[in-house]
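Single-structure report; data block below.
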Protein chains: 2
Amino acid sequence: MIDHLVVIGVGLIGGSFALDLKKKGLVGRITGVGRGRANLEKARELGIIDAIAEHAGEAVADADLVMIAIPVGAMAALFRDIAPTVPPHCILTDAGSTKQDVIAVARAGLGEKIARFVPGHPIAGAETSGAEAARSGLFQRKPCILTPLPENRPQDVEAVQALWKACGAQVTNMEPMQHDKVYAAVSHLPHLVAFALMDELAGRPNAETYFLHAGSGFRDSTRIAGSHPEMWRDIALANKDALVVELDAFIDKLANIREWVAAGDGAALEDLFSRAREARQHWIKGK
Amino acid sequence: MIDHLVVIGVGLIGGSFALDLKKKGLVGRITGVGRGRANLEKARELGIIDAIAEHAGEAVADADLVMIAIPVGAMAALFRDIAPTVPPHCILTDAGSTKQDVIAVARAGLGEKIARFVPGHPIAGAETSGAEAARSGLFQRKPCILTPLPENRPQDVEAVQALWKACGAQVTNMEPMQHDKVYAAVSHLPHLVAFALMDELAGRPNAETYFLHAGSGFRDSTRIAGSHPEMWRDIALANKDALVVELDAFIDKLANIREWVAAGDGAALEDLFSRAREARQHWIKGK
């Protein structure tokens, strides 16, 4: 039982986390902190939070658990803000999509209090954002990765695990570097690809004609291009090294395909399409 | 009312077309033709077709309407096969995803009978294929493009339009070249991108680790990588010129993004992501 939960960033992820824990009776009261006053008021209206705090540093002073669910680029300043006032018993955790950089800024900002920070990443993004997008059940059967630090106390890691499990998430642990490499490939690259597909057409003088004829394939391929621009800017920059490796590999692959199309090499294309289809069917079946 | 409908290629599209027309009482009997005997028997078992014909040339001899729904690469031979036996009153139409090349092989194969061929393209692909994937209602509220020829009689074009409308499709006419340019961008490129995203991970030694962590974003981004490899090989080759233009533009766009990520240019990334998101929201709202 958490007497006082402070959610910093009451959007899709932070808000849904709060709703789930409240529903399960695992929290006493919830304070929300964030940049957007209107969003926080909406969150209070929707029953996601009980109170609004102006300053993160004040809000955490009597917190038992702090969930940090803001764009990763805003986390360095946040850790600096809250470091002086976080009480010794309070556990900190986050929902950032990249882990090495978040850990680096947490270390820099929190100093010795880094031991209380258990880094996490729930895989439940959507193309919606803000408190209005939050819903109980969002994390049901979704993966949640924790990347515990050597300094963490086992009972704190277990406490964060238990909360995510209470939200219905499937919790596993990973090394931060491995996490960032894997998510560069399975999440960050596909987001950039979706944004690029969308922007390529949107920038054309006759964009309307293209969109008029786009069907369900284009719709699904670009679903995640509806994601939050600032959040994804931060993720792209935070995971720069792994993402550049993925972009290079993907551009190479498309350049090969381009050569096969230009040369009329149907066999090479069919081979690739068949491998891709088979891999996808295998993956979907296993899910 | 069509006394005798011949469907060449009883898969997702051809089969669903047959089911819809049968349900509406617009056809007398339906004969299926195709390469796969097992698929045709399944189609008959499912009530999609009434009879199976071994040879397309024989089947069309007493047809009133012929729907050609086979991979576009197989159409040249098909038009040659049926040209001698197509009766003068019979209307031919197709469901190929590219139009300029289909029209070219139709002209070459059909000779003077080209006037009876009304080219079409229903936009209702899915990642499933074969007679078992066919279902009544597939075309409901889906676009269907016709690219009529100068030789077509207006009443034949209207007849084909009426059949697609009876299936619930939203029928519009386009120039064949415009069709191929637009669909290279909104459909063919996204398919190649999805196949490439999938194949890139599938080819890695630790592919299992990646797929284990792939979530709903990756799932939707790669849905169309479950599409039929041979069909998409043919489309890529048939629409080569327009597709190479699209691939070049898209590779350029990704190369820009790669430079912005590498250089840490958050403003450029956020601009692109914001434009993409806004365009997508605008598009979805209009649908």
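Identifiers in the structure tokens: chain A, B, ... in order shown; residue index from 1 per chain; ligand index from 1 in order shown.
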
Inset, instruction - Would you list the contacts of A:His121 as a PyMOL selection string, taking every protein, DNA or RNA residue within 9 Å and counting only C-alpha atoms, but skipping same-chain residues closer than 3 positions in sequence? - result: chain A and resi 94-99+124+143-147

Keeping only C-alpha atoms, write the selected residues to a file as a PDB file, in the first residue's frame.
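Saved result, part_8.pdb, follows:
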ATOM      1  CA  ASP A  94       9.943   6.119 -14.520  1.00  0.00           C
ATOM      2  CA  ALA A  95       8.252   5.120 -17.759  1.00  0.00           C
ATOM      3  CA  GLY A  96      10.818   6.447 -20.235  1.00  0.00           C
ATOM      4  CA  SER A  97      11.229   4.669 -23.563  1.00  0.00           C
ATOM      5  CA  THR A  98      15.030   4.823 -23.353  1.00  0.00           C
ATOM      6  CA  LYS A  99      17.017   3.692 -20.362  1.00  0.00           C
ATOM      7  CA  ALA A 124       1.921   0.397 -23.926  1.00  0.00           C
ATOM      8  CA  PRO A 143       5.249  -6.101 -21.418  1.00  0.00           C
ATOM      9  CA  CYS A 144       6.942  -3.894 -18.855  1.00  0.00           C
ATOM     10  CA  ILE A 145      10.730  -3.826 -18.746  1.00  0.00           C
ATOM     11  CA  LEU A 146      12.668  -2.888 -15.634  1.00  0.00           C
ATOM     12  CA  THR A 147      16.395  -2.164 -15.858  1.00  0.00           C
TER      13      THR A 147
END

Legend entry - Per-residue DSSP, stretch 22-233 of chain B, filtered to alpha helix (DSSP H), as a PyMOL selection string: chain B and resi 22-23+37-45+56-59+75-82+100-110+154-166+176-183+189-202+207-213+216-221+229-233

Inset, instruction - Please provide as number ranges by chain all residues within 10 Å of B:His213, with the sequence filter that same-chain residues fewer than 4 positions apart are discarded (counting only C-alpha atoms). - result: A: 123, 143-145, 179, 182-183, 185-187; B: 208-209, 218

Proximity check stretch 12-43 of chain A to stretch 59-73 of chain A, 9 Å, nearest pairs one decimal Å, only C-alpha atoms, as a tab-separated table:
residue	atom	partner	partner_atom	distance
A:Leu12	CA	A:Ala69	CA	8.9
A:Ile13	CA	A:Ala69	CA	6.6
A:Gly14	CA	A:Ala69	CA	5.3
A:Gly15	CA	A:Ala69	CA	8.9
A:Phe17	CA	A:Met67	CA	8.6
A:Ala18	CA	A:Met67	CA	9.0
A:Thr31	CA	A:Ala59	CA	7.2
A:Gly32	CA	A:Ala59	CA	8.3
A:Val33	CA	A:Ala59	CA	7.6
A:Gly34	CA	A:Ile70	CA	8.3

Legend entry - Secondary structure check, strand (DSSP E) residues of stretch 6-74 of chain A, as a ChimeraX atom specification: /A:6-8,27-33,51-52,65-68

Legend entry - Check: which chain B residues lie within 7 Å of chain A using only C-alpha atoms, as an MDAnalysis selection string: chainID B and resid 123 182 186:187 190 195:196 198:199 202 210:211 214:215 217:218 220:222 224:227 229:230 233 236:237 240 244 247 251 253:254 258 261:262 264 266 269:270 272:277 279:281 283

Selected residues written out, N, CA and C atoms, as a compact mmCIF listing (two decimals), in the first residue's frame:
# COMPACT_ATOMS: atom_id res chain seq x y z
N ILE B 123 -9.83 -1.48 -53.58
CA ILE B 123 -8.82 -1.26 -52.54
C ILE B 123 -9.28 -1.97 -51.28
N VAL B 182 -0.22 7.24 -57.82
CA VAL B 182 -0.81 7.41 -56.48
C VAL B 182 -0.65 6.12 -55.66
N VAL B 186 0.85 5.34 -51.88
CA VAL B 186 0.00 5.06 -50.72
C VAL B 186 -0.14 3.57 -50.41
N SER B 187 0.31 2.72 -51.33
CA SER B 187 0.14 1.29 -51.09
C SER B 187 1.40 0.49 -51.36
N PRO B 190 4.45 1.50 -48.97
CA PRO B 190 4.23 0.99 -47.60
C PRO B 190 4.34 -0.54 -47.48
N PHE B 195 7.50 -5.13 -45.42
CA PHE B 195 8.30 -6.34 -45.66
C PHE B 195 9.74 -6.12 -45.18
N ALA B 196 10.29 -4.94 -45.46
CA ALA B 196 11.68 -4.65 -45.09
C ALA B 196 11.86 -4.59 -43.57
N MET B 198 10.17 -6.13 -41.32
CA MET B 198 10.05 -7.48 -40.81
C MET B 198 11.31 -8.29 -41.13
N ASP B 199 11.75 -8.20 -42.38
CA ASP B 199 12.87 -9.03 -42.81
C ASP B 199 14.17 -8.61 -42.13
N ALA B 202 14.08 -10.37 -38.85
CA ALA B 202 14.02 -11.83 -39.02
C ALA B 202 15.38 -12.40 -39.39
N TYR B 210 14.37 -9.82 -30.37
CA TYR B 210 13.68 -8.64 -30.91
C TYR B 210 12.18 -8.86 -30.93
N PHE B 211 11.77 -9.99 -31.48
CA PHE B 211 10.33 -10.22 -31.63
C PHE B 211 9.63 -10.34 -30.27
N ALA B 214 8.78 -6.85 -29.32
CA ALA B 214 8.02 -6.02 -30.26
C ALA B 214 6.57 -5.92 -29.79
N GLY B 215 6.02 -4.73 -29.83
CA GLY B 215 4.68 -4.50 -29.31
C GLY B 215 3.69 -4.15 -30.41
N GLY B 217 2.87 -1.32 -31.80
CA GLY B 217 3.33 -0.42 -32.86
C GLY B 217 3.97 -1.20 -33.99
N PHE B 218 4.87 -2.11 -33.62
CA PHE B 218 5.52 -2.95 -34.62
C PHE B 218 4.50 -3.84 -35.32
N ASP B 220 1.30 -3.29 -35.94
CA ASP B 220 0.52 -2.57 -36.94
C ASP B 220 1.39 -2.11 -38.11
N SER B 221 2.61 -1.67 -37.79
CA SER B 221 3.51 -1.20 -38.85
C SER B 221 3.82 -2.31 -39.85
N THR B 222 3.78 -3.56 -39.40
CA THR B 222 4.15 -4.67 -40.28
C THR B 222 2.96 -5.54 -40.68
N ILE B 224 0.88 -5.44 -43.07
CA ILE B 224 0.81 -5.78 -44.50
C ILE B 224 2.02 -6.58 -44.97
N ALA B 225 2.99 -6.85 -44.08
CA ALA B 225 4.06 -7.78 -44.43
C ALA B 225 3.55 -9.22 -44.41
N GLY B 226 2.31 -9.41 -44.00
CA GLY B 226 1.69 -10.73 -44.09
C GLY B 226 1.06 -10.97 -45.46
N SER B 227 1.22 -10.01 -46.38
CA SER B 227 0.57 -10.10 -47.69
C SER B 227 1.25 -11.14 -48.58
N PRO B 229 3.36 -12.95 -51.11
CA PRO B 229 4.66 -12.60 -51.71
C PRO B 229 4.66 -12.54 -53.24
N GLU B 230 3.99 -13.48 -53.88
CA GLU B 230 4.01 -13.51 -55.34
C GLU B 230 3.22 -12.33 -55.91
N ARG B 233 5.40 -9.29 -55.44
CA ARG B 233 6.51 -9.31 -56.40
C ARG B 233 6.00 -8.76 -57.73
N ALA B 236 5.31 -4.99 -57.61
CA ALA B 236 6.55 -4.21 -57.57
C ALA B 236 7.17 -4.11 -58.97
N LEU B 237 7.13 -5.23 -59.68
CA LEU B 237 7.73 -5.22 -61.02
C LEU B 237 6.82 -4.49 -62.02
N LYS B 240 7.12 -0.71 -61.57
CA LYS B 240 8.53 -0.41 -61.34
C LYS B 240 8.88 1.08 -61.38
N VAL B 244 10.10 3.05 -58.09
CA VAL B 244 11.50 3.49 -57.90
C VAL B 244 11.53 4.97 -57.51
N LEU B 247 10.55 5.01 -53.87
CA LEU B 247 11.62 4.47 -53.02
C LEU B 247 12.75 5.49 -52.87
N ILE B 251 13.85 6.95 -49.32
CA ILE B 251 15.22 6.74 -48.83
C ILE B 251 15.87 8.10 -48.52
N LYS B 253 14.32 10.80 -47.62
CA LYS B 253 13.70 11.32 -46.40
C LYS B 253 14.30 10.66 -45.16
N LEU B 254 14.47 9.34 -45.23
CA LEU B 254 15.06 8.63 -44.09
C LEU B 254 16.52 9.05 -43.88
N ARG B 258 18.07 10.46 -40.54
CA ARG B 258 19.28 9.85 -39.97
C ARG B 258 20.31 10.94 -39.63
N VAL B 261 19.10 12.87 -36.55
CA VAL B 261 19.32 12.09 -35.31
C VAL B 261 20.80 12.14 -34.94
N ALA B 262 21.67 11.86 -35.92
CA ALA B 262 23.11 11.81 -35.64
C ALA B 262 23.62 13.16 -35.15
N GLY B 264 21.83 15.36 -33.59
CA GLY B 264 21.06 15.83 -32.43
C GLY B 264 20.18 17.02 -32.74
N GLY B 266 17.10 18.23 -32.71
CA GLY B 266 15.76 17.96 -32.18
C GLY B 266 14.68 18.81 -32.82
N LEU B 269 13.63 17.29 -36.15
CA LEU B 269 12.85 16.07 -35.92
C LEU B 269 11.44 16.41 -35.43
N GLU B 270 11.37 17.31 -34.46
CA GLU B 270 10.05 17.64 -33.92
C GLU B 270 9.15 18.28 -34.97
N LEU B 272 9.19 17.67 -38.20
CA LEU B 272 8.71 16.61 -39.09
C LEU B 272 7.63 15.78 -38.38
N PHE B 273 7.91 15.39 -37.13
CA PHE B 273 6.94 14.57 -36.40
C PHE B 273 5.61 15.30 -36.25
N SER B 274 5.68 16.61 -35.99
CA SER B 274 4.46 17.40 -35.79
C SER B 274 3.66 17.49 -37.08
N ARG B 275 4.35 17.76 -38.18
CA ARG B 275 3.67 17.82 -39.48
C ARG B 275 3.00 16.49 -39.80
N ALA B 276 3.75 15.40 -39.55
CA ALA B 276 3.23 14.06 -39.85
C ALA B 276 1.99 13.76 -39.00
N ARG B 277 2.10 14.07 -37.71
CA ARG B 277 0.97 13.79 -36.82
C ARG B 277 -0.27 14.59 -37.22
N ALA B 279 -0.98 15.86 -40.16
CA ALA B 279 -1.52 15.37 -41.43
C ALA B 279 -2.32 14.10 -41.20
N ARG B 280 -1.82 13.25 -40.30
CA ARG B 280 -2.53 11.99 -40.07
C ARG B 280 -3.87 12.24 -39.38
N GLN B 281 -3.86 13.12 -38.38
CA GLN B 281 -5.11 13.41 -37.67
C GLN B 281 -6.14 14.02 -38.62
N TRP B 283 -6.28 13.57 -41.85
CA TRP B 283 -6.70 12.51 -42.78
C TRP B 283 -7.73 11.58 -42.13

Legend entry - Option closest in space to A:Leu21, from A:Pro150, A:Gly137, A:Ala104, A:Lys42 [counting only C-alpha atoms]: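 Smallest distance to A:Leu21 is found for A:Gly137.
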
Inset, instruction - For atom CA of A:Lys285 and atom CA of A:Gly120, quote the distance in Å rounded to one decimal. - result: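 Computing the Euclidean distance for atom CA of A:Lys285 and atom CA of A:Gly120 yields 27.3 Å.
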
Legend entry - Computed interatomic separation between atom CA of B:Pro84 and atom CA of B:Asp156 (Å): 20.0 Å

Legend entry - Who sits within 7 Å of B:Ala106, only C-alpha atoms, same chain under 6 positions skipped, as JSON, numbers by chain: {"B": [76, 79, 114]}

Please produce an output containing C-alpha atoms for each residue in the selection, written as a PDB file, in the first residue's frame.
ATOM      1  CA  ALA B  76      -0.383 -11.540 -69.969  1.00  0.00           C
ATOM      2  CA  PHE B  79      -5.405 -12.637 -71.782  1.00  0.00           C
ATOM      3  CA  ILE B 114      -9.815  -4.864 -75.733  1.00  0.00           C
TER       4      ILE B 114
END

Inset, instruction - Name all residues at most 7 Å from B:Gln140 (count only C-alpha atoms; drop same-chain ones fewer than 3 positions away) and give them as a list in words. - result: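 Neighbouring residues, sequence-local ones excluded: Gly137, Cys167, Gly168 and Ala169 of chain B.
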
Legend entry - A:Val118 surroundings by only C-alpha atoms, 10 Å radius, close-in-sequence under 6 positions cut, as a ChimeraX atom specification: /A:91-94,103,146-149,151-153,156-161

Inset, instruction - Calculate how many Å separate atom CA of A:Ala53 from atom CA of A:Gly28, rounding to one decimal. - result: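 Taking atom CA of A:Ala53 as the start and atom CA of A:Gly28 as the end point, the length is 16.3 Å.
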